[in-house]
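Chemist: Before anything else, here's the structure in question.
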Amino acid sequence: MPAVTTATASLVPFAPSSNVAQLKESATIAVSARARALKAAGRQVIDLGAGEPDFDTPVFIRRAAQKAIDSGATRYTATEGILPLREAIAAQANALYRGTDPVKPGDVVVSTGSKQSLFNTCFVLFGAGDEVLVPTPSWTSYYEMVVLAKAAPVPVFGSRSRGLKVTAGELADAATPRTRGVMLNSPCNPTGSVYSAEELRDILALAADRGWWVVSDEIYLQIAYDAPATSVLSLVPDRERLILINGVAKSYAMTGWRIGWAIAPRAVSASMTALQSHTTSNAAAVSQHAAVAALTDTAAAEAAVTEMVRHFRARRDAAMDVLDAAGVQYVRPEGAFYLYIDVGGDGAEFATRLLDSSGIAVVPGSAFLTPEWVRVSYAAPIEHVVEGVRKLVAAL
Ligand code: GLU
């Protein structure tokens with residue numbers, strides 16, 4: 001055996017590969033991390049940055065997970081997820097679906113959070129030279145995921161008069177011969193806007209006409225205030241070009257369990273499974289069993305979701321009262337748990353000042369390509385939400 005020698009070549013300093021050279025850290029994650037670090041250092045911080053329900057995971061779900069551990073759910077599962085979970089996901093989807101090709105368990109790929117499902121989707125559908133329309137403002141990671149797939153995100157800006165939502169006409173105007181898909185998200189992060197069935201129908205008709213992929217991220221579907229939010233599943237005649245993304249994180253207060261999924265045509269789900277088999281393999285076995293409980297114990301789940309939505313609504317209403325009294329411009333949220341507020345200047349500078357001087361963490365709108373805004377998450381105790389929004393108004 002040759003002796004191990006000390007390196008003679010001079011070490012080249014690390015430089016990120018071209019895969020990630022342009023990649024920026026997630027601003028939503030970064031704000032939460034900074035708020036946590038300040039709290040650990042003894043600062044009083046109200047965190048209205050994180051898009052994370054502050055409730056405990058409902059007891060019936062925790063009990064199911066404990067039972068699963070004790071009965072040996074501690075090993076690898078199929079890459080695409082355990083069959084009972086994929087069956088439950090298919091059943092939940094089919095309860096909404098009116099088209100010709102009902103969802104089968106084989107169309108479902110369970111992953112380590114809807115974030116991974118979105119990444120897998122972008123990675124298997126899009127590539128160099130492709131363009132993907134992203135209604136803007138949109139969740140920060142859509143843009144980066146499309147770039148990681150070597151495709152180009154094309155932001156399409158929504159107008160104020162429609163709660164920053166885009167129309168089919170605006171998407172058509174932004175399209176080119178290279179357009180391959182559109183990312184939908186209703187209820188929307190960061191605005192809380194909800195697309196009506198008519199608005200979605202127009203967009204779906206355009207996408208069908210052009211042969212685009214529709215990626216519909218419905219992670220906030222169950223968190224709607226004025227009326228139930230519409231799933232694109234209830235509108236499409238078939239799923240040939242549809243990828244439906246969902247997960248348990250937001251509706252069931254299960255962010256840390258990391259369970260999301262994609263529902264896709266079989267060839268696409270097979271491709272995602274192959275990709276996942278080389279990256280993360282299966283999502284955590286125990287978490288999958290917890291998710292089965294969330295989706296199959298429908299009475300307990302409905303009670304838990306209804307109660308959480310009741311709290312979110314009360315917080316939203318209390319925050320809107322403060323903003324309305326001060327005449328602040330914001331998007332009136334009909335779903336999710338975000339308020340998108342126009343600060344009329346540099347939102348990043350404003351967010352930094354608000355955190356440093358008042359200890360209130362919010363996400364700058366630059367993360368969502370709309371730099372004059374900030375996002376407030378009201379997934380926090382109501383007294384924190386009210387105090388935080390009051391201080392935000394004072395800082396304005
Ligand atoms: N989606 C949530 C948010 O926008 C959680 C953080 C993240 O994954 O970006 O805050």
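In the structure tokens, the first chain shown is A, the next is B, and so on; residue numbers restart at 1 for each chain, and ligands run from 1 in the order shown.
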If you take only C-alpha atoms and all ligand atoms and a cut-off of 9 Å, which residues of chain A touch ligand 1, and what are their nearest atom pairs and distances in Å to one decimal, in chain and number order, as CSV?
Modeler:
residue,atom,partner,partner_atom_place_in_ligand_line,distance
A:Ser26,CA,ligand 1,9 (O),6.3
A:Ala27,CA,ligand 1,9 (O),7.3
A:Thr28,CA,ligand 1,10 (O),4.8
A:Ile29,CA,ligand 1,6 (C),5.2
A:Ala30,CA,ligand 1,9 (O),8.9
A:Val31,CA,ligand 1,10 (O),8.8
A:Ser32,CA,ligand 1,10 (O),8.2
A:Gly49,CA,ligand 1,10 (O),6.6
A:Ala50,CA,ligand 1,10 (O),4.6
A:Gly51,CA,ligand 1,10 (O),3.3
A:Glu52,CA,ligand 1,5 (C),6.0
A:Ser114,CA,ligand 1,8 (O),8.9
A:Lys115,CA,ligand 1,8 (O),6.8
A:Trp139,CA,ligand 1,4 (O),6.2
A:Thr140,CA,ligand 1,9 (O),7.0
A:Ser141,CA,ligand 1,9 (O),6.7
A:Asn189,CA,ligand 1,4 (O),6.5
A:Pro190,CA,ligand 1,4 (O),7.1
A:Lys250,CA,ligand 1,1 (N),8.6
A:Thr255,CA,ligand 1,5 (C),8.2
A:Val363,CA,ligand 1,10 (O),8.3
A:Ser377,CA,ligand 1,10 (O),7.8
Chemist: Select from segment 223-342 of chain A everything DSSP, run on the backbone, classes as alpha helix (DSSP H), then give the selection as number ranges by chain.
Modeler: A: 266-279, 285-296, 298-326
Chemist: One number please: atom CA of Ile219 of chain A to atom CA of Gly260 of chain A, in Å, one decimal.
Modeler: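 One can read the atom CA of Ile219 of chain A to atom CA of Gly260 of chain A distance as 8.8 Å.
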Chemist: Pick from A:Thr77, A:Ser111, A:Thr57, A:Asn185: nearest to Ala293 of chain A, with only C-alpha atoms counted?
Modeler: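 Closest residue, counting only C-alpha atoms: A:Thr57.
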Chemist: Name the residues in contact with Ala93 of chain A at a cut-off of 12 Å, using only C-alpha atoms, excluding same-chain residues fewer than 5 positions from it; report them as a PDB file with N, CA and C atoms, in the first residue's frame.
Modeler:
ATOM      1  N   ARG A  86     -50.609   6.352  -0.330  1.00  0.00           N
ATOM      2  CA  ARG A  86     -50.906   6.741  -1.717  1.00  0.00           C
ATOM      3  C   ARG A  86     -52.375   6.478  -2.050  1.00  0.00           C
ATOM      4  N   GLU A  87     -52.945   5.442  -1.438  1.00  0.00           N
ATOM      5  CA  GLU A  87     -54.385   5.191  -1.641  1.00  0.00           C
ATOM      6  C   GLU A  87     -55.203   6.326  -1.024  1.00  0.00           C
ATOM      7  N   ALA A  88     -54.803   6.754   0.163  1.00  0.00           N
ATOM      8  CA  ALA A  88     -55.548   7.831   0.834  1.00  0.00           C
ATOM      9  C   ALA A  88     -55.436   9.144   0.057  1.00  0.00           C
ATOM     10  N   ARG A  98     -63.296  15.580 -11.334  1.00  0.00           N
ATOM     11  CA  ARG A  98     -64.483  15.298 -12.145  1.00  0.00           C
ATOM     12  C   ARG A  98     -64.090  14.778 -13.535  1.00  0.00           C
ATOM     13  N   GLY A  99     -62.812  14.552 -13.758  1.00  0.00           N
ATOM     14  CA  GLY A  99     -62.337  14.213 -15.108  1.00  0.00           C
ATOM     15  C   GLY A  99     -62.458  12.737 -15.438  1.00  0.00           C
ATOM     16  N   ASP A 101     -59.922  10.399 -15.954  1.00  0.00           N
ATOM     17  CA  ASP A 101     -58.892   9.434 -15.546  1.00  0.00           C
ATOM     18  C   ASP A 101     -58.610   9.557 -14.047  1.00  0.00           C
ATOM     19  N   PRO A 102     -59.460   8.933 -13.213  1.00  0.00           N
ATOM     20  CA  PRO A 102     -59.296   9.068 -11.767  1.00  0.00           C
ATOM     21  C   PRO A 102     -57.873   8.747 -11.318  1.00  0.00           C
ATOM     22  N   VAL A 103     -57.489   9.362 -10.214  1.00  0.00           N
ATOM     23  CA  VAL A 103     -56.126   9.190  -9.693  1.00  0.00           C
ATOM     24  C   VAL A 103     -55.988   7.773  -9.126  1.00  0.00           C
ATOM     25  N   LYS A 104     -54.884   7.116  -9.507  1.00  0.00           N
ATOM     26  CA  LYS A 104     -54.577   5.791  -8.956  1.00  0.00           C
ATOM     27  C   LYS A 104     -53.354   5.943  -8.054  1.00  0.00           C
ATOM     28  N   PRO A 105     -53.195   5.023  -7.110  1.00  0.00           N
ATOM     29  CA  PRO A 105     -52.019   5.133  -6.232  1.00  0.00           C
ATOM     30  C   PRO A 105     -50.706   5.232  -7.013  1.00  0.00           C
ATOM     31  N   ASP A 107     -50.073   6.921  -9.520  1.00  0.00           N
ATOM     32  CA  ASP A 107     -49.845   8.284 -10.029  1.00  0.00           C
ATOM     33  C   ASP A 107     -49.272   9.188  -8.939  1.00  0.00           C
ATOM     34  N   VAL A 108     -49.156   8.647  -7.729  1.00  0.00           N
ATOM     35  CA  VAL A 108     -48.779   9.468  -6.570  1.00  0.00           C
ATOM     36  C   VAL A 108     -47.341   9.166  -6.161  1.00  0.00           C
ATOM     37  N   GLU A 218     -51.277  23.166  -4.250  1.00  0.00           N
ATOM     38  CA  GLU A 218     -52.518  23.409  -3.496  1.00  0.00           C
ATOM     39  C   GLU A 218     -52.323  23.172  -2.005  1.00  0.00           C
ATOM     40  N   LEU A 221     -54.935  24.761   0.219  1.00  0.00           N
ATOM     41  CA  LEU A 221     -56.323  24.636  -0.246  1.00  0.00           C
ATOM     42  C   LEU A 221     -57.347  24.636   0.891  1.00  0.00           C
ATOM     43  N   SER A 231     -60.000  23.642  -6.220  1.00  0.00           N
ATOM     44  CA  SER A 231     -58.865  22.856  -6.717  1.00  0.00           C
ATOM     45  C   SER A 231     -58.975  22.744  -8.224  1.00  0.00           C
ATOM     46  N   VAL A 232     -57.842  22.814  -8.909  1.00  0.00           N
ATOM     47  CA  VAL A 232     -57.905  22.635 -10.371  1.00  0.00           C
ATOM     48  C   VAL A 232     -58.392  21.227 -10.715  1.00  0.00           C
ATOM     49  N   LEU A 233     -58.264  20.293  -9.760  1.00  0.00           N
ATOM     50  CA  LEU A 233     -58.768  18.935 -10.000  1.00  0.00           C
ATOM     51  C   LEU A 233     -60.262  18.937 -10.339  1.00  0.00           C
ATOM     52  N   SER A 234     -60.985  19.900  -9.767  1.00  0.00           N
ATOM     53  CA  SER A 234     -62.431  19.929  -9.991  1.00  0.00           C
ATOM     54  C   SER A 234     -62.775  20.574 -11.337  1.00  0.00           C
ATOM     55  N   ARG A 239     -56.070  14.632 -16.752  1.00  0.00           N
ATOM     56  CA  ARG A 239     -54.855  15.045 -16.023  1.00  0.00           C
ATOM     57  C   ARG A 239     -53.593  14.886 -16.877  1.00  0.00           C
ATOM     58  N   ILE A 243     -49.828  18.470 -12.945  1.00  0.00           N
ATOM     59  CA  ILE A 243     -49.131  17.943 -11.771  1.00  0.00           C
ATOM     60  C   ILE A 243     -49.743  18.657 -10.567  1.00  0.00           C
ATOM     61  N   LEU A 244     -50.300  17.885  -9.684  1.00  0.00           N
ATOM     62  CA  LEU A 244     -50.951  18.432  -8.495  1.00  0.00           C
ATOM     63  C   LEU A 244     -50.014  18.234  -7.309  1.00  0.00           C
ATOM     64  N   ILE A 245     -49.745  19.306  -6.594  1.00  0.00           N
ATOM     65  CA  ILE A 245     -48.824  19.228  -5.447  1.00  0.00           C
ATOM     66  C   ILE A 245     -49.610  19.518  -4.171  1.00  0.00           C
ATOM     67  N   ASN A 246     -49.369  18.703  -3.150  1.00  0.00           N
ATOM     68  CA  ASN A 246     -49.990  18.970  -1.859  1.00  0.00           C
ATOM     69  C   ASN A 246     -49.138  18.317  -0.770  1.00  0.00           C
ATOM     70  N   GLY A 247     -49.594  18.425   0.460  1.00  0.00           N
ATOM     71  CA  GLY A 247     -48.850  17.850   1.574  1.00  0.00           C
ATOM     72  C   GLY A 247     -49.625  18.075   2.855  1.00  0.00           C
ATOM     73  N   TRP A 261     -46.516  15.494  -1.576  1.00  0.00           N
ATOM     74  CA  TRP A 261     -46.677  14.544  -2.676  1.00  0.00           C
ATOM     75  C   TRP A 261     -46.985  15.257  -3.980  1.00  0.00           C
ATOM     76  N   ALA A 262     -46.743  14.511  -5.037  1.00  0.00           N
ATOM     77  CA  ALA A 262     -47.148  14.952  -6.375  1.00  0.00           C
ATOM     78  C   ALA A 262     -48.093  13.907  -6.933  1.00  0.00           C
ATOM     79  N   ILE A 263     -49.127  14.385  -7.636  1.00  0.00           N
ATOM     80  CA  ILE A 263     -50.015  13.500  -8.388  1.00  0.00           C
ATOM     81  C   ILE A 263     -49.779  13.856  -9.855  1.00  0.00           C
ATOM     82  N   ALA A 264     -49.383  12.870 -10.628  1.00  0.00           N
ATOM     83  CA  ALA A 264     -48.946  13.171 -11.995  1.00  0.00           C
ATOM     84  C   ALA A 264     -49.341  12.033 -12.925  1.00  0.00           C
ATOM     85  N   LEU A 295     -55.127  11.777   6.796  1.00  0.00           N
ATOM     86  CA  LEU A 295     -55.996  11.720   5.611  1.00  0.00           C
ATOM     87  C   LEU A 295     -57.163  10.748   5.752  1.00  0.00           C
TER      88      LEU A 295
END
Chemist: Just how far from atom CA of Leu148 of chain A is atom CA of Ala15 of chain A, in Å to one decimal?
Modeler: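 Separation of atom CA of Ala15 of chain A and atom CA of Leu148 of chain A: 17.1 Å.
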Chemist: Measure the distance from atom CA of Leu396 of chain A to atom CA of Val343 of chain A in Å and round it to one decimal.
Modeler: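 Taking atom CA of Leu396 of chain A as the start and atom CA of Val343 of chain A as the end point, the length is 6.8 Å.
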Chemist: Determine the nearest neighbour of Gln22 of chain A from the options A:Asp54, A:Glu144, A:Asp47, A:Glu170, counting only C-alpha atoms.
Modeler: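 Residue with the minimum atom-to-atom distance to Gln22 of chain A: A:Glu144.
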Chemist: Please identify all polymer residues within 8 Å of Pro333 of chain A, counting only C-alpha atoms, omitting same-chain residues fewer than 5 positions from it, and present them as a PyMOL selection string.
Modeler: chain A and resi 191-194+316+338-339
Chemist: Could you turn the residues from that selection into a file that holds C-alpha atoms, as an mmCIF file, in the first residue's frame?
Modeler:
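Once everything was written out, this is out07.cif:
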data_model
loop_
_atom_site.group_PDB
_atom_site.id
_atom_site.type_symbol
_atom_site.label_atom_id
_atom_site.label_comp_id
_atom_site.auth_asym_id
_atom_site.auth_seq_id
_atom_site.Cartn_x
_atom_site.Cartn_y
_atom_site.Cartn_z
ATOM 1 C CA THR A 191 -50.547 37.229 -0.939
ATOM 2 C CA GLY A 192 -53.339 35.036 0.440
ATOM 3 C CA SER A 193 -55.249 35.675 -2.797
ATOM 4 C CA VAL A 194 -57.547 32.922 -3.997
ATOM 5 C CA ARG A 316 -56.411 37.781 9.962
ATOM 6 C CA TYR A 338 -50.193 35.671 4.964
ATOM 7 C CA LEU A 339 -50.760 39.395 4.666
#
Chemist: According to DSSP computed on the backbone, where in segment 276-339 of chain A is there strand (DSSP E)? Give the residues as a PyMOL selection string.
Modeler: chain A and resi 330-331+338-339
Chemist: Quick one: residues within 9 Å of segment 151-153 of chain A, only C-alpha atoms, excluding same-chain residues fewer than 3 positions away - as an MDAnalysis selection string?
Modeler: chainID A and resid 122 126:134 142:148
Chemist: I want to know what sits within 9 Å of segment 351-360 of chain A, based on only C-alpha atoms, with residues of the same chain fewer than 2 positions away left out; could you give that as number ranges by chain?
Modeler: A: 35, 38, 43-49, 346-349, 362-364, 374, 388-389, 391-392, 395
Chemist: For the selection you just gave me, I'd like the residues written to a file as a compact mmCIF listing (two decimals), in the first residue's frame, keeping N, CA and C atoms.
Modeler:
# COMPACT_ATOMS: atom_id res chain seq x y z
N ALA A 35 -34.60 35.11 13.12
CA ALA A 35 -35.46 35.36 14.28
C ALA A 35 -35.10 34.40 15.41
N LEU A 38 -31.79 35.44 17.02
CA LEU A 38 -31.94 36.61 17.90
C LEU A 38 -32.60 36.21 19.21
N ARG A 43 -32.87 38.30 22.66
CA ARG A 43 -33.72 39.40 22.18
C ARG A 43 -35.19 38.97 22.19
N GLN A 44 -36.07 39.93 22.47
CA GLN A 44 -37.52 39.68 22.34
C GLN A 44 -37.87 39.79 20.87
N VAL A 45 -38.29 38.69 20.27
CA VAL A 45 -38.62 38.73 18.85
C VAL A 45 -40.01 38.15 18.63
N ILE A 46 -40.81 38.84 17.83
CA ILE A 46 -42.08 38.27 17.38
C ILE A 46 -41.87 37.83 15.94
N ASP A 47 -41.97 36.52 15.73
CA ASP A 47 -41.65 35.98 14.41
C ASP A 47 -42.90 35.90 13.55
N LEU A 48 -43.06 36.86 12.67
CA LEU A 48 -44.16 36.83 11.69
C LEU A 48 -43.57 36.53 10.30
N GLY A 49 -42.41 35.88 10.32
CA GLY A 49 -41.74 35.53 9.07
C GLY A 49 -42.12 34.14 8.60
N ASP A 346 -38.38 50.47 -0.09
CA ASP A 346 -37.54 49.28 -0.10
C ASP A 346 -37.96 48.32 1.03
N GLY A 347 -38.64 47.25 0.64
CA GLY A 347 -39.16 46.30 1.62
C GLY A 347 -38.06 45.61 2.42
N ALA A 348 -36.92 45.38 1.79
CA ALA A 348 -35.82 44.69 2.49
C ALA A 348 -35.26 45.60 3.58
N GLU A 349 -35.09 46.86 3.23
CA GLU A 349 -34.59 47.83 4.22
C GLU A 349 -35.60 47.96 5.36
N VAL A 362 -40.42 39.90 9.55
CA VAL A 362 -41.30 39.71 8.39
C VAL A 362 -40.40 39.40 7.19
N VAL A 363 -40.99 38.93 6.10
CA VAL A 363 -40.17 38.56 4.93
C VAL A 363 -40.24 39.69 3.90
N PRO A 364 -39.08 40.18 3.43
CA PRO A 364 -39.10 41.24 2.42
C PRO A 364 -39.68 40.74 1.10
N VAL A 374 -43.85 43.71 1.92
CA VAL A 374 -43.35 42.73 2.89
C VAL A 374 -44.47 41.73 3.17
N GLY A 388 -47.38 42.85 16.47
CA GLY A 388 -46.45 42.94 15.35
C GLY A 388 -46.96 43.89 14.28
N VAL A 389 -48.24 43.77 13.95
CA VAL A 389 -48.80 44.62 12.88
C VAL A 389 -48.88 46.07 13.37
N LYS A 391 -46.78 47.52 15.37
CA LYS A 391 -45.41 48.06 15.30
C LYS A 391 -45.01 48.29 13.84
N LEU A 392 -45.48 47.40 12.97
CA LEU A 392 -45.20 47.58 11.55
C LEU A 392 -45.83 48.89 11.05
N ALA A 395 -43.87 51.76 12.24
CA ALA A 395 -42.62 51.91 11.48
C ALA A 395 -42.86 52.51 10.10
Chemist: With only C-alpha atoms as the atoms that count, which of A:Met308, A:Ala291, A:Ile203, A:Val12 lies nearest to Phe55 of chain A?
Modeler: A:Met308
